[in-house]
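Peer 1: Data: query35.tsv, TSV, N, CA and C atoms.
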```
chain	number	residue	atom	x	y	z
A	1	ILE	N	-80.32	77.82	-83.60
A	1	ILE	CA	-81.30	78.43	-84.50
A	1	ILE	C	-80.88	78.20	-85.94
A	2	VAL	N	-79.59	78.37	-86.23
A	2	VAL	CA	-79.14	78.18	-87.60
A	2	VAL	C	-79.42	76.76	-88.05
A	3	TYR	N	-79.15	75.77	-87.19
A	3	TYR	CA	-79.42	74.38	-87.54
A	3	TYR	C	-80.91	74.19	-87.84
A	4	TYR	N	-81.76	74.74	-86.97
A	4	TYR	CA	-83.20	74.61	-87.16
A	4	TYR	C	-83.62	75.18	-88.50
A	5	LEU	N	-83.11	76.36	-88.83
A	5	LEU	CA	-83.48	77.00	-90.08
A	5	LEU	C	-83.06	76.18	-91.29
A	6	THR	N	-81.91	75.51	-91.19
A	6	THR	CA	-81.46	74.71	-92.32
A	6	THR	C	-82.27	73.43	-92.48
A	7	GLN	N	-82.97	73.01	-91.45
A	7	GLN	CA	-83.75	71.78	-91.50
A	7	GLN	C	-85.18	71.98	-92.01
A	8	LEU	N	-85.64	73.21	-92.06
A	8	LEU	CA	-86.99	73.48	-92.52
A	8	LEU	C	-87.11	73.24	-94.02
A	9	GLN	N	-88.20	72.65	-94.41
A	9	GLN	CA	-88.46	72.43	-95.83
A	9	GLN	C	-89.35	73.56	-96.34
A	10	LYS	N	-88.98	74.13	-97.47
A	10	LYS	CA	-89.81	75.18	-98.05
A	10	LYS	C	-90.94	74.53	-98.84
A	11	THR	N	-92.17	74.83	-98.45
A	11	THR	CA	-93.34	74.39	-99.18
A	11	THR	C	-94.30	75.55	-99.24
A	12	GLU	N	-95.08	75.61	-100.30
A	12	GLU	CA	-96.01	76.73	-100.44
A	12	GLU	C	-97.13	76.58	-99.42
A	13	GLY	N	-97.40	77.67	-98.73
A	13	GLY	CA	-98.44	77.68	-97.72
A	13	GLY	C	-99.55	78.64	-98.10
A	14	PRO	N	-100.30	79.12	-97.10
A	14	PRO	CA	-101.40	80.04	-97.36
A	14	PRO	C	-100.94	81.27	-98.12
A	15	LEU	N	-101.75	81.71	-99.05
A	15	LEU	CA	-101.51	82.92	-99.83
A	15	LEU	C	-100.21	82.86	-100.62
A	16	GLY	N	-99.72	81.65	-100.87
A	16	GLY	CA	-98.50	81.49	-101.64
A	16	GLY	C	-97.23	81.76	-100.85
A	17	LEU	N	-97.35	82.00	-99.54
A	17	LEU	CA	-96.17	82.24	-98.72
A	17	LEU	C	-95.45	80.93	-98.45
A	18	GLU	N	-94.16	81.01	-98.30
A	18	GLU	CA	-93.38	79.82	-98.00
A	18	GLU	C	-93.64	79.39	-96.56
A	19	THR	N	-93.89	78.12	-96.33
A	19	THR	CA	-94.12	77.60	-94.99
A	19	THR	C	-92.93	77.92	-94.09
A	20	GLN	N	-91.72	77.82	-94.62
A	20	GLN	CA	-90.54	78.12	-93.83
A	20	GLN	C	-90.60	79.55	-93.31
A	21	ASP	N	-90.97	80.47	-94.17
A	21	ASP	CA	-91.04	81.87	-93.76
A	21	ASP	C	-92.07	82.05	-92.64
A	22	LEU	N	-93.20	81.39	-92.76
A	22	LEU	CA	-94.23	81.50	-91.74
A	22	LEU	C	-93.75	80.91	-90.42
A	23	GLU	N	-93.07	79.78	-90.47
A	23	GLU	CA	-92.56	79.13	-89.25
A	23	GLU	C	-91.47	79.97	-88.59
A	24	VAL	N	-90.60	80.55	-89.38
A	24	VAL	CA	-89.53	81.39	-88.84
A	24	VAL	C	-90.13	82.62	-88.17
A	25	LEU	N	-91.06	83.29	-88.84
A	25	LEU	CA	-91.68	84.48	-88.27
A	25	LEU	C	-92.44	84.13	-86.99
A	26	ASP	N	-93.15	83.01	-86.99
A	26	ASP	CA	-93.87	82.57	-85.79
A	26	ASP	C	-92.89	82.32	-84.65
A	27	GLY	N	-91.76	81.68	-84.95
A	27	GLY	CA	-90.76	81.42	-83.93
A	27	GLY	C	-90.16	82.70	-83.38
A	28	LEU	N	-89.88	83.66	-84.24
A	28	LEU	CA	-89.35	84.94	-83.79
A	28	LEU	C	-90.33	85.65	-82.87
A	29	CYS	N	-91.60	85.60	-83.21
A	29	CYS	CA	-92.63	86.22	-82.36
A	29	CYS	C	-92.72	85.50	-81.02
A	30	ASP	N	-92.62	84.18	-81.02
A	30	ASP	CA	-92.64	83.41	-79.77
A	30	ASP	C	-91.47	83.80	-78.87
A	31	ILE	N	-90.29	83.97	-79.47
A	31	ILE	CA	-89.12	84.37	-78.69
A	31	ILE	C	-89.34	85.75	-78.06
A	32	ALA	N	-89.89	86.68	-78.82
A	32	ALA	CA	-90.15	88.03	-78.30
A	32	ALA	C	-91.15	87.99	-77.15
A	33	VAL	N	-92.22	87.21	-77.30
A	33	VAL	CA	-93.23	87.11	-76.25
A	33	VAL	C	-92.64	86.48	-74.99
A	34	ALA	N	-91.83	85.44	-75.17
A	34	ALA	CA	-91.21	84.80	-74.00
A	34	ALA	C	-90.28	85.77	-73.28
A	35	GLY	N	-89.50	86.53	-74.02
A	35	GLY	CA	-88.61	87.51	-73.41
A	35	GLY	C	-89.36	88.60	-72.68
A	36	GLN	N	-90.42	89.09	-73.29
A	36	GLN	CA	-91.24	90.12	-72.64
A	36	GLN	C	-91.91	89.58	-71.39
A	37	GLY	N	-92.37	88.35	-71.44
A	37	GLY	CA	-93.00	87.73	-70.28
A	37	GLY	C	-92.02	87.58	-69.13
A	38	LEU	N	-90.81	87.13	-69.44
A	38	LEU	CA	-89.79	86.99	-68.41
A	38	LEU	C	-89.45	88.35	-67.80
A	39	ALA	N	-89.31	89.37	-68.64
A	39	ALA	CA	-89.01	90.71	-68.15
A	39	ALA	C	-90.12	91.18	-67.21
A	40	TYR	N	-91.37	90.89	-67.55
A	40	TYR	CA	-92.50	91.27	-66.71
A	40	TYR	C	-92.43	90.57	-65.35
A	41	VAL	N	-92.19	89.26	-65.39
A	41	VAL	CA	-92.11	88.47	-64.15
A	41	VAL	C	-90.98	88.98	-63.25
A	42	LEU	N	-89.88	89.39	-63.85
A	42	LEU	CA	-88.74	89.89	-63.10
A	42	LEU	C	-88.89	91.35	-62.68
A	43	GLY	N	-89.95	91.99	-63.14
A	43	GLY	CA	-90.21	93.37	-62.76
A	43	GLY	C	-89.42	94.40	-63.55
A	44	TYR	N	-88.89	94.00	-64.71
A	44	TYR	CA	-88.12	94.91	-65.54
A	44	TYR	C	-89.05	95.76	-66.42
A	45	ASP	N	-88.62	96.95	-66.75
A	45	ASP	CA	-89.33	97.80	-67.71
A	45	ASP	C	-88.82	97.44	-69.10
A	46	TYR	N	-89.44	96.45	-69.70
A	46	TYR	CA	-89.00	95.94	-71.00
A	46	TYR	C	-89.10	96.99	-72.08
A	47	VAL	N	-90.21	97.71	-72.12
A	47	VAL	CA	-90.43	98.71	-73.17
A	47	VAL	C	-89.37	99.80	-73.09
A	48	GLY	N	-89.11	100.29	-71.88
A	48	GLY	CA	-88.08	101.32	-71.71
A	48	GLY	C	-86.71	100.82	-72.12
A	49	ALA	N	-86.38	99.59	-71.71
A	49	ALA	CA	-85.07	99.02	-72.05
A	49	ALA	C	-84.95	98.80	-73.55
A	50	LYS	N	-86.01	98.30	-74.17
A	50	LYS	CA	-85.96	98.06	-75.62
A	50	LYS	C	-85.78	99.37	-76.36
A	51	ASN	N	-86.46	100.41	-75.92
A	51	ASN	CA	-86.30	101.72	-76.56
A	51	ASN	C	-84.86	102.22	-76.43
A	52	ALA	N	-84.26	102.02	-75.26
A	52	ALA	CA	-82.87	102.44	-75.05
A	52	ALA	C	-81.92	101.65	-75.95
A	53	VAL	N	-82.15	100.34	-76.08
A	53	VAL	CA	-81.32	99.51	-76.95
A	53	VAL	C	-81.51	99.90	-78.42
A	54	ASP	N	-82.76	100.15	-78.81
A	54	ASP	CA	-83.02	100.59	-80.18
A	54	ASP	C	-82.30	101.91	-80.48
A	55	ASP	N	-82.37	102.85	-79.55
A	55	ASP	CA	-81.68	104.14	-79.74
A	55	ASP	C	-80.17	103.92	-79.89
A	56	ALA	N	-79.61	103.04	-79.06
A	56	ALA	CA	-78.18	102.77	-79.14
A	56	ALA	C	-77.83	102.15	-80.49
A	57	ASN	N	-78.65	101.20	-80.95
A	57	ASN	CA	-78.38	100.57	-82.24
A	57	ASN	C	-78.50	101.58	-83.38
A	58	LEU	N	-79.47	102.48	-83.28
A	58	LEU	CA	-79.62	103.48	-84.33
A	58	LEU	C	-78.46	104.47	-84.35
A	59	SER	N	-77.75	104.61	-83.22
A	59	SER	CA	-76.60	105.51	-83.20
A	59	SER	C	-75.44	104.94	-84.02
A	60	LYS	N	-75.56	103.69	-84.47
A	60	LYS	CA	-74.55	103.10	-85.34
A	60	LYS	C	-74.73	103.53	-86.80
A	61	VAL	N	-75.86	104.16	-87.09
A	61	VAL	CA	-76.15	104.62	-88.44
A	61	VAL	C	-75.64	106.06	-88.57
A	62	VAL	N	-74.78	106.27	-89.54
A	62	VAL	CA	-74.21	107.60	-89.77
A	62	VAL	C	-74.52	108.01	-91.21
A	63	ASP	N	-75.19	109.14	-91.35
A	63	ASP	CA	-75.57	109.64	-92.68
A	63	ASP	C	-76.32	108.58	-93.49
A	64	GLY	N	-77.19	107.84	-92.80
A	64	GLY	CA	-78.03	106.85	-93.46
A	64	GLY	C	-77.34	105.55	-93.82
A	65	ALA	N	-76.13	105.34	-93.33
A	65	ALA	CA	-75.40	104.12	-93.66
A	65	ALA	C	-74.69	103.57	-92.43
A	66	VAL	N	-74.37	102.29	-92.48
A	66	VAL	CA	-73.59	101.66	-91.42
A	66	VAL	C	-72.22	101.32	-91.97
A	67	ILE	N	-71.24	101.33	-91.09
A	67	ILE	CA	-69.88	100.95	-91.46
A	67	ILE	C	-69.68	99.52	-90.98
A	68	ARG	N	-69.11	98.69	-91.82
A	68	ARG	CA	-68.88	97.29	-91.47
A	68	ARG	C	-67.39	97.00	-91.34
A	69	THR	N	-67.09	96.05	-90.47
A	69	THR	CA	-65.72	95.59	-90.32
A	69	THR	C	-65.40	94.65	-91.48
A	70	ALA	N	-64.15	94.23	-91.57
A	70	ALA	CA	-63.75	93.30	-92.64
A	70	ALA	C	-64.54	92.00	-92.58
A	71	SER	N	-64.97	91.61	-91.37
A	71	SER	CA	-65.74	90.36	-91.23
A	71	SER	C	-67.23	90.55	-91.47
A	72	GLY	N	-67.64	91.79	-91.74
A	72	GLY	CA	-69.05	92.04	-92.03
A	72	GLY	C	-69.87	92.52	-90.85
A	73	LYS	N	-69.27	92.54	-89.67
A	73	LYS	CA	-69.98	93.00	-88.48
A	73	LYS	C	-70.16	94.52	-88.55
A	74	ILE	N	-71.28	95.01	-88.04
A	74	ILE	CA	-71.51	96.45	-88.02
A	74	ILE	C	-70.58	97.08	-86.99
A	75	ALA	N	-69.81	98.06	-87.42
A	75	ALA	CA	-68.84	98.73	-86.56
A	75	ALA	C	-69.55	99.79	-85.71
A	76	LYS	N	-68.95	100.10	-84.58
A	76	LYS	CA	-69.47	101.13	-83.70
A	76	LYS	C	-68.72	102.43	-83.98
A	77	PRO	N	-69.37	103.39	-84.63
A	77	PRO	CA	-68.69	104.65	-84.94
A	77	PRO	C	-68.56	105.51	-83.68
A	78	ALA	N	-67.88	106.63	-83.82
A	78	ALA	CA	-67.69	107.54	-82.68
A	78	ALA	C	-69.02	108.02	-82.13
A	79	THR	N	-70.06	108.02	-82.94
A	79	THR	CA	-71.38	108.47	-82.50
A	79	THR	C	-72.11	107.43	-81.67
A	80	TYR	N	-71.58	106.20	-81.60
A	80	TYR	CA	-72.26	105.13	-80.86
A	80	TYR	C	-72.26	105.42	-79.37
A	81	ALA	N	-73.40	105.21	-78.76
A	81	ALA	CA	-73.53	105.34	-77.31
A	81	ALA	C	-74.21	104.08	-76.78
A	82	ALA	N	-73.53	103.34	-75.93
A	82	ALA	CA	-74.10	102.13	-75.36
A	82	ALA	C	-75.29	102.49	-74.48
A	83	PRO	N	-76.31	101.64	-74.46
A	83	PRO	CA	-77.49	101.96	-73.64
A	83	PRO	C	-77.23	101.78	-72.15
A	84	ASP	N	-77.80	102.66	-71.36
A	84	ASP	CA	-77.76	102.52	-69.91
A	84	ASP	C	-79.07	101.86	-69.50
A	85	LEU	N	-79.02	100.61	-69.14
A	85	LEU	CA	-80.24	99.86	-68.81
A	85	LEU	C	-80.57	99.86	-67.33
A	86	THR	N	-79.71	100.47	-66.52
A	86	THR	CA	-79.95	100.45	-65.07
A	86	THR	C	-81.29	101.06	-64.66
A	87	PRO	N	-81.81	102.09	-65.34
A	87	PRO	CA	-83.10	102.63	-64.90
A	87	PRO	C	-84.28	101.68	-65.11
A	88	PHE	N	-84.07	100.64	-65.88
A	88	PHE	CA	-85.17	99.74	-66.26
A	88	PHE	C	-85.21	98.47	-65.44
A	89	ILE	N	-84.33	98.37	-64.45
A	89	ILE	CA	-84.30	97.18	-63.57
A	89	ILE	C	-85.08	97.48	-62.31
```
Turn this file's structure into C-alpha coordinates for me.

Peer 2:
Amino acid sequence: IVYYLTQLQKTEGPLGLETQDLEVLDGLCDIAVAGQGLAYVLGYDYVGAKNAVDDANLSKVVDGAVIRTASGKIAKPATYAAPDLTPFI
(Lines of atoms letter the chains of each structure in order from A and count residues from 1; the text may use other names and numbers.)
(Lines give C-alpha, C1' and ligand atoms only; values in the text may rest on other atoms or scores of the structure.)
Protein backbone atom coordinates (compact mmCIF):
# COMPACT_ATOMS: atom_id res chain seq x y z
CA ILE A 1 0.00 0.00 0.00
CA VAL A 2 2.79 2.41 0.87
CA TYR A 3 4.42 1.81 -2.52
CA TYR A 4 1.10 2.39 -4.28
CA LEU A 5 0.53 5.64 -2.43
CA THR A 6 3.98 6.93 -3.37
CA GLN A 7 3.30 6.22 -7.05
CA LEU A 8 0.10 8.26 -7.29
CA GLN A 9 0.37 11.60 -9.00
CA LYS A 10 -1.45 14.51 -7.37
CA THR A 11 -3.62 16.31 -9.90
CA GLU A 12 -6.60 18.53 -9.31
CA GLY A 13 -9.85 16.67 -9.71
CA PRO A 14 -13.55 17.42 -9.24
CA LEU A 15 -14.34 20.28 -6.86
CA GLY A 16 -10.64 21.05 -6.54
CA LEU A 17 -9.95 17.82 -4.65
CA GLU A 18 -6.68 16.06 -5.27
CA THR A 19 -7.06 13.00 -7.50
CA GLN A 20 -4.71 11.11 -5.19
CA ASP A 21 -7.01 11.77 -2.24
CA LEU A 22 -10.02 10.55 -4.19
CA GLU A 23 -8.20 7.38 -5.31
CA VAL A 24 -6.95 6.62 -1.80
CA LEU A 25 -10.41 7.09 -0.27
CA ASP A 26 -11.97 4.94 -3.00
CA GLY A 27 -9.40 2.22 -2.35
CA LEU A 28 -10.02 2.31 1.40
CA CYS A 29 -13.75 1.95 0.81
CA ASP A 30 -13.13 -0.98 -1.57
CA ILE A 31 -11.03 -2.71 1.10
CA ALA A 32 -13.79 -2.24 3.69
CA VAL A 33 -16.47 -3.61 1.34
CA ALA A 34 -14.31 -6.62 0.44
CA GLY A 35 -13.69 -7.38 4.11
CA GLN A 36 -17.36 -7.05 4.99
CA GLY A 37 -18.31 -9.28 2.07
CA LEU A 38 -15.86 -11.96 3.12
CA ALA A 39 -17.13 -11.80 6.71
CA TYR A 40 -20.68 -12.24 5.40
CA VAL A 41 -19.72 -15.24 3.24
CA LEU A 42 -17.96 -16.83 6.22
CA GLY A 43 -20.98 -16.24 8.44
CA TYR A 44 -19.23 -13.83 10.80
CA ASP A 45 -21.02 -11.00 12.61
CA TYR A 46 -18.87 -8.23 11.15
CA VAL A 47 -20.78 -5.36 12.74
CA GLY A 48 -20.57 -6.90 16.21
CA ALA A 49 -16.87 -7.68 15.80
CA LYS A 50 -16.09 -4.20 14.48
CA ASN A 51 -17.90 -2.62 17.41
CA ALA A 52 -15.88 -4.78 19.83
CA VAL A 53 -12.61 -3.81 18.10
CA ASP A 54 -13.60 -0.13 18.11
CA ASP A 55 -14.38 -0.31 21.84
CA ALA A 56 -11.01 -1.94 22.49
CA ASN A 57 -9.19 0.71 20.47
CA LEU A 58 -11.04 3.49 22.29
CA SER A 59 -9.89 2.00 25.60
CA LYS A 60 -6.40 3.17 24.57
CA VAL A 61 -7.56 6.76 25.01
CA VAL A 62 -7.05 8.05 28.54
CA ASP A 63 -8.33 11.49 29.54
CA GLY A 64 -8.75 12.38 25.87
CA ALA A 65 -5.19 11.50 24.90
CA VAL A 66 -3.14 8.52 23.77
CA ILE A 67 0.27 7.55 25.08
CA ARG A 68 2.89 6.73 22.47
CA THR A 69 5.99 4.59 22.68
CA ALA A 70 9.41 5.96 21.72
CA SER A 71 8.82 4.61 18.18
CA GLY A 72 5.51 6.46 17.89
CA LYS A 73 3.24 3.44 18.28
CA ILE A 74 0.15 3.92 20.44
CA ALA A 75 0.79 2.25 23.79
CA LYS A 76 -1.74 0.05 25.55
CA PRO A 77 -2.48 1.62 28.95
CA ALA A 78 -3.74 -0.31 31.97
CA THR A 79 -7.28 0.55 30.85
CA TYR A 80 -6.82 -1.35 27.56
CA ALA A 81 -8.99 -4.41 27.13
CA ALA A 82 -8.44 -6.66 24.11
CA PRO A 83 -11.64 -7.51 22.23
CA ASP A 84 -13.22 -10.92 22.62
CA LEU A 85 -14.26 -11.80 19.07
CA THR A 86 -15.40 -15.36 19.78
CA PRO A 87 -19.10 -14.40 20.01
CA PHE A 88 -18.99 -13.07 16.45
CA ILE A 89 -17.78 -16.27 14.75

Peer 1: Between atom CA of A:Tyr40 and atom C of A:Val24, what is the distance in Å, rounded to a tenth?

Peer 2: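 So the answer is 23.3 Å.
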
Peer 1: Considering only helix (DSSP H, G or I) as DSSP defines it on the backbone, what residues of stretch 19-74 of chain A qualify? List them as a count of residues only.

Peer 2: 36

Peer 1: For a test of reading the model, state the distance in Å between atom N of A:Lys60 and atom C of A:Gly35, rounded to one decimal.

Peer 2: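 So the answer is 23.6 Å.
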
Peer 1: To one decimal place, how far is atom CA of A:Ala70 from atom C of A:Asp55 in Å?

Peer 2: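 Separating atom CA of A:Ala70 from atom C of A:Asp55 is a distance of 23.3 Å.
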
Peer 1: With only C-alpha atoms as the basis for distance, which of A:Leu85, A:Leu25, A:Thr79, A:Val47 is at the shortest distance from A:Val62?

Peer 2: A:Thr79

Peer 1: Quick one: 4 Å padding each side, axis-aligned, all listed atoms of stretch 73-79 of chain A - centre and edge lengths in Å to one decimal, as AutoDock Vina command-line options?

Peer 2:
```
--center_x -69.9 --center_y 100.5 --center_z -85.7 --size_x 12.4 --size_y 23.9 --size_z 16.0
```

Peer 1: Of the residues A:Val61, A:Leu38, A:Phe88, A:Asp26, which is the one nearest to A:Ala75, using all atoms listed in the file?

Peer 2: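 For A:Ala75, the nearest of the given residues is A:Val61.
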
Peer 1: Set the distance at 10 Å and use only C-alpha atoms: which residues neighbour A:Pro87 once local chain neighbours fewer than 2 positions away are removed? I'd like the list as a ChimeraX atom specification.

Peer 2: /A:44-45,48-49,84-85,89
